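Notes to accompany the following structure.
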Amino acid sequence: MSRHMVSVIGSSPGVGKSTLCRAVAEWLTETGASVDHFEEADILTRAAFRPVAEEFAGGEAAVRPETLIECTRAYVAEMDARGMDYAVTDALVPFIPSLVAWGHEERTLSRVTSELVQVLEPAVQVTVVYVHDDPMRALRRAVQREGEPWADWYVRKLAGSPGTRAVHDLPSAAAHLRFEADLTRRLLAQTPWQVVTVDVGTRDAREAFTYVRDHLTK
């Protein structure tokens with residue numbers, strides 16, 4: 001039996017990715033499907049991703065791409081063993097922001113994405129929901145929600161990573177996120193996965209969910 005993964009990823013903090021992911025998981029559960037809602041923080045607590053947590057706990061500032069691939073393979077096996085119809089994941093496959101922050105070039109990201117395709121298919125049908133907004137607008141929204149200290153934390157986080165050291169304020173963070181958005185589109189275009197792009201600059205949370213639900217039921 002084929003499993004389904006709905007991977008919800010976002011172009012920037014503040015786009016409503018986690019809210020949309022939760023709404024999709026709740027809706028699929030209400031249809032009677034068995035659903036694993038994999039929240040963003042779960043990557044450090046799930047059994048299938050224990051090697052990721054171990055590499056972080058070992059003092060490493062990054063996780064090897066091979067670890068992400070093998071953990072995804074383990075997660076697919078876990079889905080099958082549990083008989084899950086859907087995995088609805090928040091900021092998981094294909095791990096682009098993390099790989100970029102850790103300093104990997106596009107060639108490596110392309111290879112990782114290709115290997116993830118092989119791991120997931122044909123056992124898992126993948127739909128990537130890409131939640132997009134202008135990065136500066138989304139970052140301002142995140143600051144309004146989280147407060148000014150969050151902006152300082154976010155900039156420091158990016159500035160402290162090898163692939164994003166050029167970030168020094170919110171405008172440079174927005175510039176990086178625009179680059180990352182273009183990279184994400186190029187990488188997803190190389191996959192056979194269905195990609196549903198949701199522009200939240202013109203939709204509120206309810207409209208974004210309705211748009212995704214309609215595409216998933218086609």
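In the structure tokens, chains take the letters A, B, ... in the order shown, each chain's residues start at 1, and ligands count up from 1 in the order shown.
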
As an mmCIF file with N, CA and C atoms, in the first residue's frame, please: the residues near stretch 63-73 of chain A (cut-off 12 Å, only C-alpha atoms, same-chain neighbours under 5 positions excluded).
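The resulting around.cif:
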```cif
data_model
loop_
_atom_site.group_PDB
_atom_site.id
_atom_site.type_symbol
_atom_site.label_atom_id
_atom_site.label_comp_id
_atom_site.auth_asym_id
_atom_site.auth_seq_id
_atom_site.Cartn_x
_atom_site.Cartn_y
_atom_site.Cartn_z
ATOM 1 N N MET A 5 3.183 11.454 1.826
ATOM 2 C CA MET A 5 3.829 12.478 2.632
ATOM 3 C C MET A 5 3.438 13.846 2.097
ATOM 4 N N ILE A 43 12.155 16.519 14.996
ATOM 5 C CA ILE A 43 13.347 15.924 14.393
ATOM 6 C C ILE A 43 14.385 15.567 15.453
ATOM 7 N N LEU A 44 14.317 16.216 16.612
ATOM 8 C CA LEU A 44 15.275 15.932 17.678
ATOM 9 C C LEU A 44 14.753 14.916 18.693
ATOM 10 N N ARG A 46 12.226 12.166 17.567
ATOM 11 C CA ARG A 46 11.704 10.952 16.937
ATOM 12 C C ARG A 46 12.788 9.877 16.841
ATOM 13 N N ALA A 47 12.363 8.627 17.038
ATOM 14 C CA ALA A 47 13.308 7.510 17.011
ATOM 15 C C ALA A 47 14.020 7.406 15.665
ATOM 16 N N ALA A 48 13.278 7.595 14.577
ATOM 17 C CA ALA A 48 13.878 7.455 13.252
ATOM 18 C C ALA A 48 14.970 8.486 13.004
ATOM 19 N N PHE A 49 14.881 9.624 13.685
ATOM 20 C CA PHE A 49 15.851 10.698 13.488
ATOM 21 C C PHE A 49 16.827 10.810 14.660
ATOM 22 N N ARG A 50 16.967 9.752 15.444
ATOM 23 C CA ARG A 50 17.884 9.778 16.579
ATOM 24 C C ARG A 50 19.317 10.117 16.156
ATOM 25 N N PRO A 51 19.824 9.609 15.020
ATOM 26 C CA PRO A 51 21.176 9.994 14.615
ATOM 27 C C PRO A 51 21.348 11.502 14.414
ATOM 28 N N VAL A 52 20.283 12.194 14.005
ATOM 29 C CA VAL A 52 20.360 13.649 13.880
ATOM 30 C C VAL A 52 20.593 14.272 15.250
ATOM 31 N N ALA A 53 19.796 13.858 16.229
ATOM 32 C CA ALA A 53 19.950 14.378 17.585
ATOM 33 C C ALA A 53 21.325 14.038 18.146
ATOM 34 N N GLU A 54 21.823 12.842 17.836
ATOM 35 C CA GLU A 54 23.124 12.427 18.348
ATOM 36 C C GLU A 54 24.250 13.263 17.753
ATOM 37 N N GLU A 55 24.155 13.601 16.472
ATOM 38 C CA GLU A 55 25.200 14.431 15.873
ATOM 39 C C GLU A 55 25.201 15.828 16.478
ATOM 40 N N PHE A 56 24.004 16.369 16.743
ATOM 41 C CA PHE A 56 23.926 17.664 17.421
ATOM 42 C C PHE A 56 24.476 17.557 18.845
ATOM 43 N N ALA A 57 24.081 16.502 19.553
ATOM 44 C CA ALA A 57 24.515 16.337 20.937
ATOM 45 C C ALA A 57 26.019 16.119 21.032
ATOM 46 N N GLY A 58 26.601 15.609 19.965
ATOM 47 C CA GLY A 58 28.043 15.377 19.946
ATOM 48 C C GLY A 58 28.858 16.632 19.724
ATOM 49 N N GLU A 78 9.278 3.261 9.315
ATOM 50 C CA GLU A 78 8.425 3.435 10.494
ATOM 51 C C GLU A 78 6.974 3.689 10.081
ATOM 52 N N MET A 79 6.778 4.524 9.060
ATOM 53 C CA MET A 79 5.429 4.761 8.542
ATOM 54 C C MET A 79 4.776 3.458 8.120
ATOM 55 N N ASP A 80 5.550 2.640 7.419
ATOM 56 C CA ASP A 80 5.015 1.381 6.910
ATOM 57 C C ASP A 80 4.681 0.439 8.060
ATOM 58 N N ALA A 87 1.898 11.069 6.308
ATOM 59 C CA ALA A 87 2.787 11.846 7.165
ATOM 60 C C ALA A 87 2.638 13.290 6.718
ATOM 61 N N THR A 89 4.374 16.689 7.402
ATOM 62 C CA THR A 89 5.615 17.097 8.051
ATOM 63 C C THR A 89 5.848 18.596 7.938
ATOM 64 N N LEU A 92 10.432 19.458 6.943
ATOM 65 C CA LEU A 92 11.274 18.264 6.843
ATOM 66 C C LEU A 92 11.839 18.166 5.418
ATOM 67 N N VAL A 93 11.440 17.188 4.670
ATOM 68 C CA VAL A 93 11.928 16.989 3.298
ATOM 69 C C VAL A 93 11.649 18.234 2.452
ATOM 70 N N PRO A 94 12.646 18.763 1.689
ATOM 71 C CA PRO A 94 13.971 18.185 1.465
ATOM 72 C C PRO A 94 15.116 18.854 2.235
ATOM 73 N N PHE A 95 14.876 19.473 3.383
ATOM 74 C CA PHE A 95 15.924 19.967 4.296
ATOM 75 C C PHE A 95 16.768 21.118 3.728
ATOM 76 N N ILE A 96 16.249 21.866 2.783
ATOM 77 C CA ILE A 96 17.060 22.863 2.084
ATOM 78 C C ILE A 96 17.612 23.951 3.008
ATOM 79 N N SER A 98 18.391 24.023 6.150
ATOM 80 C CA SER A 98 19.462 23.509 7.005
ATOM 81 C C SER A 98 20.725 23.239 6.214
ATOM 82 N N LEU A 99 20.595 22.593 5.065
ATOM 83 C CA LEU A 99 21.764 22.277 4.253
ATOM 84 C C LEU A 99 22.464 23.537 3.764
ATOM 85 N N VAL A 100 21.691 24.550 3.408
ATOM 86 C CA VAL A 100 22.280 25.824 2.992
ATOM 87 C C VAL A 100 23.019 26.465 4.166
ATOM 88 N N ALA A 101 22.389 26.497 5.320
ATOM 89 C CA ALA A 101 23.020 27.105 6.494
ATOM 90 C C ALA A 101 24.316 26.397 6.858
ATOM 91 N N TRP A 102 24.366 25.092 6.651
ATOM 92 C CA TRP A 102 25.571 24.330 6.979
ATOM 93 C C TRP A 102 26.656 24.474 5.916
ATOM 94 N N GLY A 103 26.401 25.249 4.885
ATOM 95 C CA GLY A 103 27.441 25.597 3.926
ATOM 96 C C GLY A 103 27.529 24.722 2.697
ATOM 97 N N HIS A 104 26.525 23.900 2.435
ATOM 98 C CA HIS A 104 26.575 23.031 1.265
ATOM 99 C C HIS A 104 26.182 23.787 0.004
ATOM 100 N N GLU A 105 26.852 23.478 -1.094
ATOM 101 C CA GLU A 105 26.581 24.127 -2.371
ATOM 102 C C GLU A 105 25.409 23.454 -3.083
ATOM 103 N N THR A 108 25.593 19.753 -4.073
ATOM 104 C CA THR A 108 25.327 18.796 -3.002
ATOM 105 C C THR A 108 23.840 18.712 -2.700
ATOM 106 N N LEU A 109 23.171 19.862 -2.664
ATOM 107 C CA LEU A 109 21.733 19.866 -2.405
ATOM 108 C C LEU A 109 20.977 19.111 -3.496
ATOM 109 N N SER A 110 21.418 19.249 -4.731
ATOM 110 C CA SER A 110 20.785 18.538 -5.837
ATOM 111 C C SER A 110 20.951 17.027 -5.665
ATOM 112 N N ARG A 111 22.144 16.606 -5.245
ATOM 113 C CA ARG A 111 22.380 15.176 -5.018
ATOM 114 C C ARG A 111 21.514 14.658 -3.875
ATOM 115 N N VAL A 112 21.450 15.412 -2.789
ATOM 116 C CA VAL A 112 20.645 14.989 -1.650
ATOM 117 C C VAL A 112 19.174 14.873 -2.038
ATOM 118 N N THR A 113 18.679 15.855 -2.773
ATOM 119 C CA THR A 113 17.285 15.822 -3.207
ATOM 120 C C THR A 113 17.020 14.601 -4.080
ATOM 121 N N SER A 114 17.954 14.319 -4.989
ATOM 122 C CA SER A 114 17.809 13.149 -5.854
ATOM 123 C C SER A 114 17.783 11.859 -5.039
ATOM 124 N N GLU A 115 18.624 11.762 -4.020
ATOM 125 C CA GLU A 115 18.650 10.552 -3.194
ATOM 126 C C GLU A 115 17.391 10.443 -2.341
ATOM 127 N N LEU A 116 16.855 11.576 -1.905
ATOM 128 C CA LEU A 116 15.595 11.544 -1.164
ATOM 129 C C LEU A 116 14.454 11.043 -2.039
ATOM 130 N N VAL A 117 14.470 11.428 -3.316
ATOM 131 C CA VAL A 117 13.465 10.919 -4.252
ATOM 132 C C VAL A 117 13.533 9.396 -4.304
ATOM 133 N N GLN A 118 14.750 8.866 -4.382
ATOM 134 C CA GLN A 118 14.905 7.406 -4.464
ATOM 135 C C GLN A 118 14.453 6.721 -3.176
ATOM 136 N N VAL A 119 14.701 7.364 -2.024
ATOM 137 C CA VAL A 119 14.303 6.794 -0.738
ATOM 138 C C VAL A 119 12.784 6.770 -0.601
ATOM 139 N N LEU A 120 12.137 7.826 -1.059
ATOM 140 C CA LEU A 120 10.700 7.980 -0.829
ATOM 141 C C LEU A 120 9.845 7.271 -1.868
ATOM 142 N N GLU A 121 10.286 7.222 -3.110
ATOM 143 C CA GLU A 121 9.453 6.619 -4.151
ATOM 144 C C GLU A 121 9.995 5.250 -4.523
ATOM 145 N N ALA A 123 7.514 3.981 -2.623
ATOM 146 C CA ALA A 123 6.794 3.616 -1.402
ATOM 147 C C ALA A 123 5.923 4.752 -0.877
ATOM 148 N N VAL A 124 6.352 5.992 -1.103
ATOM 149 C CA VAL A 124 5.643 7.149 -0.564
ATOM 150 C C VAL A 124 5.369 8.147 -1.682
#
```

Would you please extract all strand (DSSP E or B) residues from stretch 52-170 of chain A, as assigned by DSSP on the backbone, and give them as JSON, numbers by chain? {"A": [86, 87, 88, 89, 90, 124, 125, 126, 127, 128, 129, 130, 131, 132]}

Would you output that residue set with C-alpha atoms, as a short mmCIF file (atom, residue, chain, number, x, y, z; two decimals), in the first residue's frame?
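Result file again-v6.cif:
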```cif
data_model
loop_
_atom_site.label_atom_id
_atom_site.label_comp_id
_atom_site.auth_asym_id
_atom_site.auth_seq_id
_atom_site.Cartn_x
_atom_site.Cartn_y
_atom_site.Cartn_z
CA TYR A 86 -0.21 10.09 5.72
CA ALA A 87 2.79 11.85 7.16
CA VAL A 88 2.21 15.59 7.34
CA THR A 89 5.62 17.10 8.05
CA ASP A 90 6.64 20.58 9.11
CA VAL A 124 5.64 7.15 -0.56
CA GLN A 125 3.75 9.61 -2.75
CA VAL A 126 5.12 13.07 -1.98
CA THR A 127 3.41 16.44 -2.16
CA VAL A 128 5.48 19.47 -1.17
CA VAL A 129 3.41 22.43 0.00
CA TYR A 130 5.62 25.48 -0.44
CA VAL A 131 4.30 28.44 1.56
CA HIS A 132 5.64 31.68 0.08
#
```

Spatial neighbours of A:Ala33, max dist 12 Å, only C-alpha atoms, sep filter under 2 positions, as a PyMOL selection string: chain A and resi 3-4+24-31+35-37+83-88

What residues in chain A get the DSSP label alpha helix (DSSP H)? Please answer as a ChimeraX atom specification. /A:17-30,50-57,65-82,96-101,106-120,135-146,148-159,170-189,205-216

Could you list, as a PDB file with N, CA, C and O atoms, in the first residue's frame, every residue within 12 Å of A:Tyr154, counting only C-alpha atoms and ignoring same-chain residues fewer than 4 positions away?
```pdb
ATOM      1  N   SER A  12      10.118  31.549   4.456  1.00  0.00           N
ATOM      2  CA  SER A  12      10.606  32.463   5.485  1.00  0.00           C
ATOM      3  C   SER A  12       9.855  32.213   6.777  1.00  0.00           C
ATOM      4  O   SER A  12       8.709  31.739   6.751  1.00  0.00           O
ATOM      5  N   PRO A  13      10.450  32.527   7.923  1.00  0.00           N
ATOM      6  CA  PRO A  13       9.633  32.592   9.136  1.00  0.00           C
ATOM      7  C   PRO A  13       8.510  33.605   8.933  1.00  0.00           C
ATOM      8  O   PRO A  13       8.664  34.578   8.201  1.00  0.00           O
ATOM      9  N   GLY A  14       7.391  33.354   9.567  1.00  0.00           N
ATOM     10  CA  GLY A  14       6.286  34.296   9.488  1.00  0.00           C
ATOM     11  C   GLY A  14       5.299  34.047   8.370  1.00  0.00           C
ATOM     12  O   GLY A  14       4.350  34.814   8.207  1.00  0.00           O
ATOM     13  N   LEU A 139       9.136  38.419   7.513  1.00  0.00           N
ATOM     14  CA  LEU A 139       9.970  38.629   8.692  1.00  0.00           C
ATOM     15  C   LEU A 139       9.363  39.677   9.625  1.00  0.00           C
ATOM     16  O   LEU A 139       9.385  39.529  10.850  1.00  0.00           O
ATOM     17  N   ALA A 142       6.768  38.006  11.548  1.00  0.00           N
ATOM     18  CA  ALA A 142       7.338  37.171  12.602  1.00  0.00           C
ATOM     19  C   ALA A 142       7.765  38.018  13.797  1.00  0.00           C
ATOM     20  O   ALA A 142       7.574  37.624  14.956  1.00  0.00           O
ATOM     21  N   VAL A 143       8.337  39.189  13.535  1.00  0.00           N
ATOM     22  CA  VAL A 143       8.757  40.080  14.623  1.00  0.00           C
ATOM     23  C   VAL A 143       7.542  40.568  15.401  1.00  0.00           C
ATOM     24  O   VAL A 143       7.562  40.634  16.642  1.00  0.00           O
ATOM     25  N   GLU A 146       6.523  37.504  17.525  1.00  0.00           N
ATOM     26  CA  GLU A 146       7.459  36.992  18.520  1.00  0.00           C
ATOM     27  C   GLU A 146       8.120  38.088  19.367  1.00  0.00           C
ATOM     28  O   GLU A 146       8.649  37.783  20.437  1.00  0.00           O
ATOM     29  N   GLY A 147       8.139  39.325  18.862  1.00  0.00           N
ATOM     30  CA  GLY A 147       8.786  40.407  19.592  1.00  0.00           C
ATOM     31  C   GLY A 147      10.172  40.732  19.040  1.00  0.00           C
ATOM     32  O   GLY A 147      10.790  39.923  18.339  1.00  0.00           O
ATOM     33  N   GLU A 148      10.672  41.905  19.366  1.00  0.00           N
ATOM     34  CA  GLU A 148      11.966  42.361  18.845  1.00  0.00           C
ATOM     35  C   GLU A 148      13.130  41.434  19.202  1.00  0.00           C
ATOM     36  O   GLU A 148      14.034  41.241  18.383  1.00  0.00           O
ATOM     37  N   PRO A 149      13.170  40.850  20.405  1.00  0.00           N
ATOM     38  CA  PRO A 149      14.289  39.940  20.706  1.00  0.00           C
ATOM     39  C   PRO A 149      14.396  38.777  19.719  1.00  0.00           C
ATOM     40  O   PRO A 149      15.497  38.275  19.472  1.00  0.00           O
ATOM     41  N   TRP A 150      13.267  38.364  19.162  1.00  0.00           N
ATOM     42  CA  TRP A 150      13.314  37.275  18.188  1.00  0.00           C
ATOM     43  C   TRP A 150      14.131  37.676  16.971  1.00  0.00           C
ATOM     44  O   TRP A 150      14.908  36.865  16.447  1.00  0.00           O
ATOM     45  N   LEU A 158      21.504  32.990  11.929  1.00  0.00           N
ATOM     46  CA  LEU A 158      21.989  32.907  10.555  1.00  0.00           C
ATOM     47  C   LEU A 158      23.458  33.313  10.464  1.00  0.00           C
ATOM     48  O   LEU A 158      24.256  32.661   9.784  1.00  0.00           O
ATOM     49  N   ALA A 159      23.821  34.385  11.147  1.00  0.00           N
ATOM     50  CA  ALA A 159      25.193  34.887  11.073  1.00  0.00           C
ATOM     51  C   ALA A 159      26.194  33.881  11.637  1.00  0.00           C
ATOM     52  O   ALA A 159      27.376  33.887  11.259  1.00  0.00           O
ATOM     53  N   GLY A 160      25.727  32.995  12.523  1.00  0.00           N
ATOM     54  CA  GLY A 160      26.619  32.025  13.130  1.00  0.00           C
ATOM     55  C   GLY A 160      26.781  30.733  12.352  1.00  0.00           C
ATOM     56  O   GLY A 160      27.521  29.849  12.784  1.00  0.00           O
ATOM     57  N   SER A 161      26.117  30.613  11.211  1.00  0.00           N
ATOM     58  CA  SER A 161      26.205  29.394  10.402  1.00  0.00           C
ATOM     59  C   SER A 161      27.075  29.626   9.177  1.00  0.00           C
ATOM     60  O   SER A 161      27.064  30.721   8.598  1.00  0.00           O
ATOM     61  N   THR A 164      25.453  31.116   5.916  1.00  0.00           N
ATOM     62  CA  THR A 164      24.642  32.339   6.011  1.00  0.00           C
ATOM     63  C   THR A 164      25.355  33.430   6.808  1.00  0.00           C
ATOM     64  O   THR A 164      24.725  34.306   7.390  1.00  0.00           O
ATOM     65  N   VAL A 167      24.689  37.351   6.635  1.00  0.00           N
ATOM     66  CA  VAL A 167      23.516  37.991   7.240  1.00  0.00           C
ATOM     67  C   VAL A 167      23.948  38.785   8.472  1.00  0.00           C
ATOM     68  O   VAL A 167      24.650  38.267   9.349  1.00  0.00           O
ATOM     69  N   HIS A 168      23.510  40.058   8.540  1.00  0.00           N
ATOM     70  CA  HIS A 168      23.861  40.887   9.686  1.00  0.00           C
ATOM     71  C   HIS A 168      22.690  41.723  10.197  1.00  0.00           C
ATOM     72  O   HIS A 168      22.804  42.396  11.217  1.00  0.00           O
ATOM     73  N   ASP A 169      21.575  41.699   9.474  1.00  0.00           N
ATOM     74  CA  ASP A 169      20.369  42.409   9.894  1.00  0.00           C
ATOM     75  C   ASP A 169      19.182  41.821   9.141  1.00  0.00           C
ATOM     76  O   ASP A 169      19.350  40.909   8.319  1.00  0.00           O
ATOM     77  N   LEU A 170      17.981  42.326   9.408  1.00  0.00           N
ATOM     78  CA  LEU A 170      16.808  41.756   8.746  1.00  0.00           C
ATOM     79  C   LEU A 170      16.825  41.937   7.230  1.00  0.00           C
ATOM     80  O   LEU A 170      16.448  41.012   6.495  1.00  0.00           O
ATOM     81  N   SER A 172      19.397  41.949   5.179  1.00  0.00           N
ATOM     82  CA  SER A 172      20.304  40.951   4.592  1.00  0.00           C
ATOM     83  C   SER A 172      19.740  39.537   4.798  1.00  0.00           C
ATOM     84  O   SER A 172      19.964  38.648   3.969  1.00  0.00           O
ATOM     85  N   ALA A 173      18.986  39.331   5.886  1.00  0.00           N
ATOM     86  CA  ALA A 173      18.310  38.044   6.066  1.00  0.00           C
ATOM     87  C   ALA A 173      17.268  37.844   4.969  1.00  0.00           C
ATOM     88  O   ALA A 173      17.140  36.754   4.402  1.00  0.00           O
ATOM     89  N   ALA A 174      16.521  38.903   4.657  1.00  0.00           N
ATOM     90  CA  ALA A 174      15.516  38.816   3.593  1.00  0.00           C
ATOM     91  C   ALA A 174      16.173  38.526   2.250  1.00  0.00           C
ATOM     92  O   ALA A 174      15.651  37.742   1.446  1.00  0.00           O
TER      93      ALA A 174
END
```

Env of A:Thr210: 10 Å cut, atoms = only C-alpha atoms, seq-sep filter 4 positions within chain, self excluded. Answer as a list in words.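 What passes the distance filter is Leu20, Ala23, Val24, Arg203, Ala205, Arg206, Asp214, His215 and Leu216 of chain A.
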
If you measure from atom CA of A:Arg145 to atom CA of A:Lys17, what distance in Å do you get, rounded to one decimal?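 Computing it gives 13.9 Å between the two atoms.
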